[in-house]
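Below is one structure, written out as C-alpha cells; the observations come after it.
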Amino acid sequence: MNSLMRLTPLVVTLAATFCLLPRTYATNGMNMEGYGPIAAAMGGASMAYDNGTASVINNPATLSMMEDQARLDLAIGVLGPDITATSPGGESADSSANSFFMPAFGYARNSGDTTYGFAVFGQGGMGCEYDPNSWRGLGFGLVNRTEVSVGRAIIPLSYRVNEKLNIGGTIDYVWAGMDLQMAMSGAQFFDLVDPSQQNFGTASGSLVQGFFQMMGQMPPGTAVDYAYFDFTNDNDFTGEASGDGYAGKIGLTYDVTEQFTFGLTYHSKTDLGDLKAPGNSLAFQLNVPGMGQMPQVLSGDIEVRNFQWPALFGIGIAYRPQPQWLLVADVRHIMWEDVMKEFAMNFTADGNAANGPFANTVMDAVLYQDWDDQTVIQLGTAYQATDNLTLRGGFNYGNNPIPSRFLNCLFPAIIEQHYTAGFGYQFNERNSIDLSLTYAPEVREINGNGITVSHSQLNAQLMYSYRF
C-alpha cells in the first residue's frame, strides 16, 4: 500500500501529460499494426501472452499474466509514413508529414486474483500534407492537409478465475480530433452538387441551392475554379474538430496446456459525438468572363457527423515448444464496413454580412468511402538468447480496406504488409527496455479520378518498464 501511495502523484502527473497525445498514423486501415513494442515486434500478435500494460488495448485478460506485483510502462513511438500523390498527368506531390511521435503510458497492479490499473494510448488515425505549390494546390496555392487522431484513457480489470482461465475487460474514454484542408477542382465539386452526377459523393442544402441561383445570374462561360473545405488549428496535440465518447473491451485467455494458450477479445464500436469545429470556413472561386476570378470565403461552423471507431474481434494462440522460444499467431477482424460507409460533413454559414446571400445557409456534404471489413493476420516469435536479452520478429498482413474508386489521397490508409523485429533487455529484476521496428513496403493504388497514391512506412516503438 505504501508503494502505491508513493506512486499515485506520479501516475496522476503522467496521465495528465499523456492525455495530450499527438496524431498517430496507422497501418491496419487506421489501426496501428501493433500496440506496445513487445507485440509490435512480433507482428502485432498479442492475444494470448503477457505483453505488458499494452494488454489494455490488445486483450485485457492477458493483464492477469503479469508476474510482478506492479508494473509501470512508459513508451514513445515514431511513425514515418512516405506518401506520394501523382496526378493523371504524371505530376507528383510528396507529403511533408513524414515523422510523428506518440507517447503511451500504462500502470497495472496485482491484488490477489485481480489486476487493475490505468493507461493512455493513441488508438490510431491517418493523414498527410501536400505543398500548396504542388499540383494538389490546383494552381491557387491551396494547402491540402488532413490529420485524424483517436486516443483512449483506459481503466482495465482482469480476474484469474482459476489456474487456466483469465477474464478481463476495460472501460475506455475515447477522444477524437480532426484537421482538414481539402481542395476540390470545379469538376469534383460539381460531381457533388449536381444530382445527375454524384459519382463520388453528394452535397445538398440551402447553400447549394443558393450557389446554383448565383451561377444562374452569371454570364455564360462562368466556371468554378475550386471549392475548399478548411478547418485546422495546426496543433500537434488537438484537432480543430473534436469530440469524445466511450467504448469498452472484453477478453479471455485459457491455458490448454502448460505450453499452449488460447486468447480472444471483442472491442466495441465507439460511441463518439459529432466532431465539432466552430468558426471555420468553406470557400469557392468563380471565374467569370469579363470579371475574372471571384473568390468567396464563407465563415461558419463545421461538424463531422457520425465518425466512429469500429468494433473488432480477435483470436490468438501462444505456444512455447521450449522454454526459450515463444510462437504467437493472431487473427483480427476489424469491422470498418459499419463505420466507414461515408465521410459526412455539415457546414452552417453564420449570419455575418460578409457571407452575403449565403448567410445562415446550410450544406450537407458526403464523400463516399465504402470501406470493406479487414482481416489482419499477425505472426511472431520470441527467442530468449540470454537471461537478459530476448529477440523478436514477426509479420503482419491486412487487406487494404479502401475501394480504389473512392481512395482519397488525403486518407491514404492502404498499407498491407508489415515486417517487424525488435528486442527486450532486462537490466535487473526491476528495470527493462523493449524496442520494435516495423517496415511496411510501398502500396500503390489508382483512384476513380486517375490519381495514383503510394504509401510506405518505417516505424519504431521504445518502452521503459519498472517493476515493483
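Residue numbering restarts at 1 for every chain of the C-alpha cells, chains are lettered A, B, ... in their displayed order, and ligands are numbered from 1 as they appear.
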Quick check for you: according to DSSP on this backbone, which residues of region 60-148 of chain A are classed as strand (DSSP E or B)? Reply as a VMD selection string. chain A and resid 70 to 86 92 to 95 100 to 111 114 to 130 144 to 148
If we count only C-alpha atoms and set the cut-off at 10 Å, which residues sit around region 125-139 of chain A, ignoring sequence neighbours fewer than 4 positions away in its own chain? Please answer as a count of residues only. 53
Given only C-alpha atoms, how would the per-residue table for region 116-217 of chain A near region 349-367 of chain A read, listing every residue at most 9 Å away with its closest atom pair and distance in Å to one decimal, sorted by chain and number, as JSON lines?
{"residue": "A:Leu192", "atom": "CA", "partner": "A:Ala365", "partner_atom": "CA", "distance": 7.7}
{"residue": "A:Val193", "atom": "CA", "partner": "A:Ala365", "partner_atom": "CA", "distance": 8.8}
{"residue": "A:Phe200", "atom": "CA", "partner": "A:Leu367", "partner_atom": "CA", "distance": 6.1}
{"residue": "A:Gly201", "atom": "CA", "partner": "A:Leu367", "partner_atom": "CA", "distance": 4.3}
{"residue": "A:Thr202", "atom": "CA", "partner": "A:Val366", "partner_atom": "CA", "distance": 5.2}
{"residue": "A:Ala203", "atom": "CA", "partner": "A:Ala365", "partner_atom": "CA", "distance": 4.3}
{"residue": "A:Ser204", "atom": "CA", "partner": "A:Asp364", "partner_atom": "CA", "distance": 5.4}
{"residue": "A:Gly205", "atom": "CA", "partner": "A:Met363", "partner_atom": "CA", "distance": 4.7}
{"residue": "A:Ser206", "atom": "CA", "partner": "A:Thr361", "partner_atom": "CA", "distance": 5.3}
{"residue": "A:Leu207", "atom": "CA", "partner": "A:Thr361", "partner_atom": "CA", "distance": 4.9}
{"residue": "A:Val208", "atom": "CA", "partner": "A:Met363", "partner_atom": "CA", "distance": 6.4}
{"residue": "A:Gly210", "atom": "CA", "partner": "A:Phe358", "partner_atom": "CA", "distance": 6.7}
{"residue": "A:Phe211", "atom": "CA", "partner": "A:Phe358", "partner_atom": "CA", "distance": 8.2}
What would the file look like if the residues just selected were written as a compact mmCIF listing (two decimals), in the first residue's frame with N, CA and C atoms?
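Writing done, so here's result.txt:
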# COMPACT_ATOMS: atom_id res chain seq x y z
N LEU A 192 -20.33 16.57 -56.78
CA LEU A 192 -21.07 16.51 -55.52
C LEU A 192 -22.43 17.18 -55.62
N VAL A 193 -22.48 18.36 -56.24
CA VAL A 193 -23.69 19.18 -56.16
C VAL A 193 -24.70 18.90 -57.27
N PHE A 200 -18.96 10.33 -56.69
CA PHE A 200 -18.03 10.18 -55.58
C PHE A 200 -18.56 10.75 -54.27
N GLY A 201 -19.75 11.32 -54.30
CA GLY A 201 -20.33 11.87 -53.09
C GLY A 201 -21.52 12.74 -53.43
N THR A 202 -22.05 13.42 -52.43
CA THR A 202 -23.20 14.29 -52.62
C THR A 202 -23.02 15.57 -51.81
N ALA A 203 -23.70 16.63 -52.25
CA ALA A 203 -23.79 17.87 -51.48
C ALA A 203 -25.18 18.44 -51.71
N SER A 204 -25.82 18.85 -50.64
CA SER A 204 -27.18 19.35 -50.74
C SER A 204 -27.42 20.38 -49.66
N GLY A 205 -28.59 21.02 -49.70
CA GLY A 205 -28.95 22.01 -48.70
C GLY A 205 -29.13 23.39 -49.30
N SER A 206 -29.54 24.33 -48.44
CA SER A 206 -29.86 25.68 -48.91
C SER A 206 -28.65 26.39 -49.48
N LEU A 207 -27.43 26.07 -49.01
CA LEU A 207 -26.23 26.70 -49.56
C LEU A 207 -26.03 26.27 -51.02
N VAL A 208 -26.27 25.00 -51.32
CA VAL A 208 -26.12 24.52 -52.69
C VAL A 208 -27.17 25.16 -53.59
N GLY A 210 -28.52 28.09 -53.16
CA GLY A 210 -28.07 29.47 -53.37
C GLY A 210 -26.92 29.56 -54.34
N PHE A 211 -26.04 28.55 -54.34
CA PHE A 211 -24.93 28.51 -55.28
C PHE A 211 -25.44 28.43 -56.71
So which residues touch Val328 (chain A) within 9 Å, counting only C-alpha atoms, skipping near sequence neighbours fewer than 3 positions away, as JSON, numbers by chain? {"A": [42, 45, 46, 47, 48, 49, 316, 317, 318, 319, 320, 378, 379, 380, 381, 382]}
Which distance in Å separates CA of Asn166 (chain A) and CA of Tyr254 (chain A), to one decimal? 6.6 Å
Hey, can you check how far CA of Glu33 (chain A) sits from CA of Val120 (chain A)?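 Atom-to-atom, CA of Glu33 (chain A) and CA of Val120 (chain A) are spaced 17.5 Å apart.
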With only C-alpha atoms as the counted atoms, please give the residues lying no more than 12 Å from Ala39 (chain A), apart from itself and same-chain residues fewer than 2 positions off, as a VMD selection string. chain A and resid 32 to 37 41 to 55 57 to 59 327 to 330 378 to 382 392 to 396 420 to 424 434 to 438 461 to 463
Nearby residues (only C-alpha atoms) at most 10 Å from Ser268 (chain A), same-chain spacing under 3 positions excluded, as a PyMOL selection string: chain A and resi 172+246-250+265+271+309-313
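Distance annotation: of A:Thr62, A:Thr452, A:Asn28, A:Asn346, the residue with the minimal separation from Val376 (chain A) is A:Asn28; atom set is only C-alpha atoms.
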